[in-house]
Each structure stands twice: as C-alpha cells, then as structure tokens.
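Below is one structure, written out as structure tokens, with a few remarks after it.
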Amino acid sequence: MRVVISALATTLAICSPAAAAEKMTGKELTALLGQGKELMLGGPGKGYQGSLTLDANGTAMGQVKLDSGQVIPIEGVWAVKKDKFCRTWKGGRDAGKEICETWVKTGPKSVEVIVGKRDLGTNSWN
C-alpha cells in the first residue's frame, strides 16, 4: 500500500505544471544570449508583438507593437546576474530601473518571462 501511494505521489509531482516549469539557469542564459541574440516578443493572443536585439556588449534595442497599434521603443542595457536576465530600459513604465526577470522554459526556443509573481509575457528565438 505504501509503495502504491508513494508511486502515485511521485507521478502527480512529475505531472504537475509546477514541475514542468523549468527556470533557465545563469549558465543557460549566458550560453543563449552571450554572443548576442534576436528575440521575438509576445505574439498572437499576447496583446503585443515585437523584436529585441540583444548585443554581446550588453546593449539592447527593439520595439513592441500593442494590439491597439501603439508602438513602444525599447532601448537600454542588459546582463545575466545569477539565474536572471536583468535589464534597464531608457523609456517605458520601468525607465531607469533595473528589472531582473526569471525566464521559465515553455519550449526548446521559448520562455515565459516572470518578475516576482507577475507574468510579463513570452520571448522566443530561432
């Protein structure tokens, strides 16, 4: 009986959404972004879409277009710190503030971006 309960608990833990959500490590982030990378931001059903070019020198530039048609430019600096992608953008609601994001894998070339308990959206790449 104990073996059956233990096996069931293990199966439930493995199949739970929390277990499936694997955070990218600092090593993975550096391997992905360290030489520079073009990211696609958002997409269908997300309320926005755009692109962001991360240069190896720690600068970034791009833009997003909201479903409303508003275009928001993105420019600033970025770095990997521990297991987080940290950025400081020149404009927008977080202008001048360092924001450190946790990237949670959603596929081999996509992540969900989390800050604290807030889901900020989706990043993907080729």
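In the structure tokens, chains take letters A, B, ... by order of appearance, with residues numbered from 1 within each chain and ligands from 1 in the order shown.
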query: Neighbours of Val111 (chain A) within 12 Å (only C-alpha atoms; same-chain residues fewer than 4 positions away dropped), as JSON, numbers by chain?
result: {"A": [21, 22, 23, 24, 29, 39, 40, 41, 42, 85, 101, 102, 103, 104, 105, 106, 107, 119, 120, 121, 122, 123, 124, 125]}
Just the selected residues (N, CA and C atoms), exported as a PDB file, in the first residue's frame, please.
```pdb
ATOM      1  N   ALA A  21       7.526  23.490 -15.203  1.00  0.00           N
ATOM      2  CA  ALA A  21       8.068  24.830 -15.393  1.00  0.00           C
ATOM      3  C   ALA A  21       9.518  24.874 -14.919  1.00  0.00           C
ATOM      4  N   GLU A  22      10.442  24.750 -15.857  1.00  0.00           N
ATOM      5  CA  GLU A  22      11.863  24.749 -15.527  1.00  0.00           C
ATOM      6  C   GLU A  22      12.464  26.116 -15.823  1.00  0.00           C
ATOM      7  N   LYS A  23      13.034  26.733 -14.803  1.00  0.00           N
ATOM      8  CA  LYS A  23      13.656  28.045 -14.949  1.00  0.00           C
ATOM      9  C   LYS A  23      15.007  27.902 -15.639  1.00  0.00           C
ATOM     10  N   MET A  24      15.334  28.853 -16.494  1.00  0.00           N
ATOM     11  CA  MET A  24      16.654  28.856 -17.120  1.00  0.00           C
ATOM     12  C   MET A  24      17.689  29.264 -16.074  1.00  0.00           C
ATOM     13  N   LEU A  29      21.308  31.010 -19.729  1.00  0.00           N
ATOM     14  CA  LEU A  29      21.065  32.357 -20.245  1.00  0.00           C
ATOM     15  C   LEU A  29      22.310  32.912 -20.930  1.00  0.00           C
ATOM     16  N   LEU A  39      15.486  38.428 -30.233  1.00  0.00           N
ATOM     17  CA  LEU A  39      14.331  37.824 -29.576  1.00  0.00           C
ATOM     18  C   LEU A  39      13.046  38.312 -30.221  1.00  0.00           C
ATOM     19  N   MET A  40      12.085  37.416 -30.311  1.00  0.00           N
ATOM     20  CA  MET A  40      10.737  37.795 -30.717  1.00  0.00           C
ATOM     21  C   MET A  40       9.928  37.925 -29.431  1.00  0.00           C
ATOM     22  N   LEU A  41       9.206  39.012 -29.307  1.00  0.00           N
ATOM     23  CA  LEU A  41       8.463  39.306 -28.092  1.00  0.00           C
ATOM     24  C   LEU A  41       6.968  39.135 -28.336  1.00  0.00           C
ATOM     25  N   GLY A  42       6.284  38.500 -27.389  1.00  0.00           N
ATOM     26  CA  GLY A  42       4.836  38.340 -27.496  1.00  0.00           C
ATOM     27  C   GLY A  42       4.433  37.459 -28.648  1.00  0.00           C
ATOM     28  N   PHE A  85      17.792  37.349 -16.049  1.00  0.00           N
ATOM     29  CA  PHE A  85      18.084  38.306 -17.111  1.00  0.00           C
ATOM     30  C   PHE A  85      17.709  39.672 -16.544  1.00  0.00           C
ATOM     31  N   GLU A 101      14.507  39.499 -14.498  1.00  0.00           N
ATOM     32  CA  GLU A 101      13.476  38.562 -14.931  1.00  0.00           C
ATOM     33  C   GLU A 101      13.927  37.118 -14.750  1.00  0.00           C
ATOM     34  N   THR A 102      12.992  36.265 -14.395  1.00  0.00           N
ATOM     35  CA  THR A 102      13.195  34.824 -14.424  1.00  0.00           C
ATOM     36  C   THR A 102      12.590  34.327 -15.725  1.00  0.00           C
ATOM     37  N   TRP A 103      13.359  33.562 -16.474  1.00  0.00           N
ATOM     38  CA  TRP A 103      12.865  33.008 -17.732  1.00  0.00           C
ATOM     39  C   TRP A 103      12.530  31.543 -17.506  1.00  0.00           C
ATOM     40  N   VAL A 104      11.253  31.197 -17.703  1.00  0.00           N
ATOM     41  CA  VAL A 104      10.759  29.837 -17.493  1.00  0.00           C
ATOM     42  C   VAL A 104      10.533  29.189 -18.854  1.00  0.00           C
ATOM     43  N   LYS A 105      11.185  28.069 -19.063  1.00  0.00           N
ATOM     44  CA  LYS A 105      11.114  27.381 -20.357  1.00  0.00           C
ATOM     45  C   LYS A 105       9.688  26.929 -20.662  1.00  0.00           C
ATOM     46  N   THR A 106       9.248  27.242 -21.886  1.00  0.00           N
ATOM     47  CA  THR A 106       7.944  26.774 -22.358  1.00  0.00           C
ATOM     48  C   THR A 106       8.107  25.900 -23.595  1.00  0.00           C
ATOM     49  N   GLY A 107       9.314  25.813 -24.093  1.00  0.00           N
ATOM     50  CA  GLY A 107       9.642  25.020 -25.270  1.00  0.00           C
ATOM     51  C   GLY A 107      11.134  25.127 -25.516  1.00  0.00           C
ATOM     52  N   ASP A 119       3.550  37.639 -14.585  1.00  0.00           N
ATOM     53  CA  ASP A 119       3.905  37.072 -15.885  1.00  0.00           C
ATOM     54  C   ASP A 119       3.926  38.231 -16.876  1.00  0.00           C
ATOM     55  N   LEU A 120       5.123  38.571 -17.384  1.00  0.00           N
ATOM     56  CA  LEU A 120       5.253  39.710 -18.292  1.00  0.00           C
ATOM     57  C   LEU A 120       5.034  39.344 -19.750  1.00  0.00           C
ATOM     58  N   GLY A 121       5.089  38.066 -20.084  1.00  0.00           N
ATOM     59  CA  GLY A 121       4.859  37.683 -21.471  1.00  0.00           C
ATOM     60  C   GLY A 121       5.821  36.624 -21.958  1.00  0.00           C
ATOM     61  N   THR A 122       5.913  36.527 -23.273  1.00  0.00           N
ATOM     62  CA  THR A 122       6.657  35.457 -23.927  1.00  0.00           C
ATOM     63  C   THR A 122       7.814  36.010 -24.742  1.00  0.00           C
ATOM     64  N   ASN A 123       8.957  35.351 -24.649  1.00  0.00           N
ATOM     65  CA  ASN A 123      10.101  35.601 -25.530  1.00  0.00           C
ATOM     66  C   ASN A 123      10.385  34.313 -26.288  1.00  0.00           C
ATOM     67  N   SER A 124      10.760  34.447 -27.555  1.00  0.00           N
ATOM     68  CA  SER A 124      11.163  33.271 -28.333  1.00  0.00           C
ATOM     69  C   SER A 124      12.293  33.674 -29.267  1.00  0.00           C
ATOM     70  N   TRP A 125      12.927  32.682 -29.872  1.00  0.00           N
ATOM     71  CA  TRP A 125      14.076  32.921 -30.743  1.00  0.00           C
ATOM     72  C   TRP A 125      14.199  31.787 -31.738  1.00  0.00           C
TER      73      TRP A 125
END
```
Find the residues around region 65-67 of chain A up to 6 Å (only C-alpha atoms counted), leave out those fewer than 4 positions away in its own chain, and share them as a PDB file with N, CA and C atoms, in the first residue's frame.
```pdb
ATOM      1  N   GLY A  47      -1.369  40.191 -26.837  1.00  0.00           N
ATOM      2  CA  GLY A  47      -1.648  41.610 -26.700  1.00  0.00           C
ATOM      3  C   GLY A  47      -0.567  42.505 -27.278  1.00  0.00           C
ATOM      4  N   TYR A  48       0.508  41.914 -27.713  1.00  0.00           N
ATOM      5  CA  TYR A  48       1.617  42.671 -28.286  1.00  0.00           C
ATOM      6  C   TYR A  48       2.521  41.737 -29.070  1.00  0.00           C
ATOM      7  N   GLN A  49       3.336  42.319 -29.933  1.00  0.00           N
ATOM      8  CA  GLN A  49       4.397  41.555 -30.589  1.00  0.00           C
ATOM      9  C   GLN A  49       5.490  42.521 -31.006  1.00  0.00           C
ATOM     10  N   GLY A  50       6.695  42.004 -31.101  1.00  0.00           N
ATOM     11  CA  GLY A  50       7.816  42.847 -31.479  1.00  0.00           C
ATOM     12  C   GLY A  50       9.095  42.059 -31.508  1.00  0.00           C
ATOM     13  N   VAL A  71       3.087  51.800 -30.693  1.00  0.00           N
ATOM     14  CA  VAL A  71       4.435  51.247 -30.810  1.00  0.00           C
ATOM     15  C   VAL A  71       5.273  51.784 -29.654  1.00  0.00           C
TER      16      VAL A  71
END
```
Shell of 7 Å around region 90-96 of chain A, only C-alpha atoms, local chain residues under 5 positions omitted, as a list in words: Ile74, Glu75 and Gly76 of chain A
- request: Have a look at CA of Arg87 (chain A) and CA of Glu28 (chain A) and let me know their distance in Å, one decimal.
  value: 16.9 Å
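Close contacts of Lys82 (chain A), defined as residues with an atom at most 7 Å away when counting only C-alpha atoms, with chain neighbours fewer than 2 positions off set aside, comprise A:Gly26, A:Val80, A:Lys84.
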For the selection you just gave me, I'd like the residues written to a file as a short mmCIF file (atom, residue, chain, number, x, y, z; two decimals), in the first residue's frame, keeping N, CA and C atoms.
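The file below, part_8.cif, is the result:
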```cif
data_model
loop_
_atom_site.label_atom_id
_atom_site.label_comp_id
_atom_site.auth_asym_id
_atom_site.auth_seq_id
_atom_site.Cartn_x
_atom_site.Cartn_y
_atom_site.Cartn_z
N GLY A 26 21.61 30.69 -15.00
CA GLY A 26 22.52 31.72 -15.48
C GLY A 26 23.43 31.19 -16.58
N VAL A 80 23.25 39.18 -17.54
CA VAL A 80 22.82 37.99 -16.80
C VAL A 80 23.42 38.11 -15.41
N LYS A 84 19.15 35.14 -13.54
CA LYS A 84 18.16 36.09 -14.03
C LYS A 84 18.71 36.92 -15.19
#
```
query: If you run DSSP on the backbone, which residues of region 14-91 of chain A are alpha helix (DSSP H), as a PyMOL selection string?
result: chain A and resi 14-15+17-20+26-33
Create the file for the chosen residues now, containing N, CA and C atoms and written as a PDB file, in the first residue's frame.
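Generated file (selection_21.pdb):
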```pdb
ATOM      1  N   ILE A  14       5.518  14.746 -10.778  1.00  0.00           N
ATOM      2  CA  ILE A  14       6.161  14.849 -12.090  1.00  0.00           C
ATOM      3  C   ILE A  14       5.216  15.468 -13.106  1.00  0.00           C
ATOM      4  N   CYS A  15       3.936  15.186 -13.012  1.00  0.00           N
ATOM      5  CA  CYS A  15       2.968  15.669 -13.995  1.00  0.00           C
ATOM      6  C   CYS A  15       2.391  17.038 -13.665  1.00  0.00           C
ATOM      7  N   PRO A  17       1.993  21.080 -13.236  1.00  0.00           N
ATOM      8  CA  PRO A  17       2.525  22.198 -14.012  1.00  0.00           C
ATOM      9  C   PRO A  17       3.767  22.808 -13.379  1.00  0.00           C
ATOM     10  N   ALA A  18       3.826  22.861 -12.046  1.00  0.00           N
ATOM     11  CA  ALA A  18       4.990  23.448 -11.384  1.00  0.00           C
ATOM     12  C   ALA A  18       6.251  22.662 -11.694  1.00  0.00           C
ATOM     13  N   ALA A  19       6.133  21.341 -11.765  1.00  0.00           N
ATOM     14  CA  ALA A  19       7.302  20.522 -12.076  1.00  0.00           C
ATOM     15  C   ALA A  19       7.729  20.721 -13.520  1.00  0.00           C
ATOM     16  N   ALA A  20       6.767  20.981 -14.402  1.00  0.00           N
ATOM     17  CA  ALA A  20       7.074  21.164 -15.817  1.00  0.00           C
ATOM     18  C   ALA A  20       7.734  22.511 -16.083  1.00  0.00           C
ATOM     19  N   GLY A  26      21.606  30.689 -14.995  1.00  0.00           N
ATOM     20  CA  GLY A  26      22.516  31.719 -15.485  1.00  0.00           C
ATOM     21  C   GLY A  26      23.426  31.191 -16.577  1.00  0.00           C
ATOM     22  N   LYS A  27      23.862  29.959 -16.431  1.00  0.00           N
ATOM     23  CA  LYS A  27      24.718  29.335 -17.442  1.00  0.00           C
ATOM     24  C   LYS A  27      23.969  29.199 -18.770  1.00  0.00           C
ATOM     25  N   GLU A  28      22.707  28.785 -18.706  1.00  0.00           N
ATOM     26  CA  GLU A  28      21.896  28.654 -19.925  1.00  0.00           C
ATOM     27  C   GLU A  28      21.626  30.017 -20.559  1.00  0.00           C
ATOM     28  N   LEU A  29      21.308  31.010 -19.729  1.00  0.00           N
ATOM     29  CA  LEU A  29      21.065  32.357 -20.245  1.00  0.00           C
ATOM     30  C   LEU A  29      22.310  32.912 -20.930  1.00  0.00           C
ATOM     31  N   THR A  30      23.466  32.728 -20.311  1.00  0.00           N
ATOM     32  CA  THR A  30      24.719  33.215 -20.894  1.00  0.00           C
ATOM     33  C   THR A  30      25.028  32.499 -22.198  1.00  0.00           C
ATOM     34  N   ALA A  31      24.818  31.185 -22.234  1.00  0.00           N
ATOM     35  CA  ALA A  31      25.062  30.427 -23.472  1.00  0.00           C
ATOM     36  C   ALA A  31      24.129  30.904 -24.585  1.00  0.00           C
ATOM     37  N   LEU A  32      22.892  31.212 -24.253  1.00  0.00           N
ATOM     38  CA  LEU A  32      21.913  31.652 -25.244  1.00  0.00           C
ATOM     39  C   LEU A  32      22.172  33.080 -25.714  1.00  0.00           C
ATOM     40  N   LEU A  33      22.467  33.976 -24.783  1.00  0.00           N
ATOM     41  CA  LEU A  33      22.497  35.405 -25.088  1.00  0.00           C
ATOM     42  C   LEU A  33      23.888  36.022 -25.185  1.00  0.00           C
TER      43      LEU A  33
END
```
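Using only C-alpha atoms, the residues found no farther than 8 Å from Glu38 (chain A), other than those of its own chain fewer than 2 positions away, are Gly36, Met40, Ser51, Leu52, Thr53, Leu54 and Trp125 of chain A.
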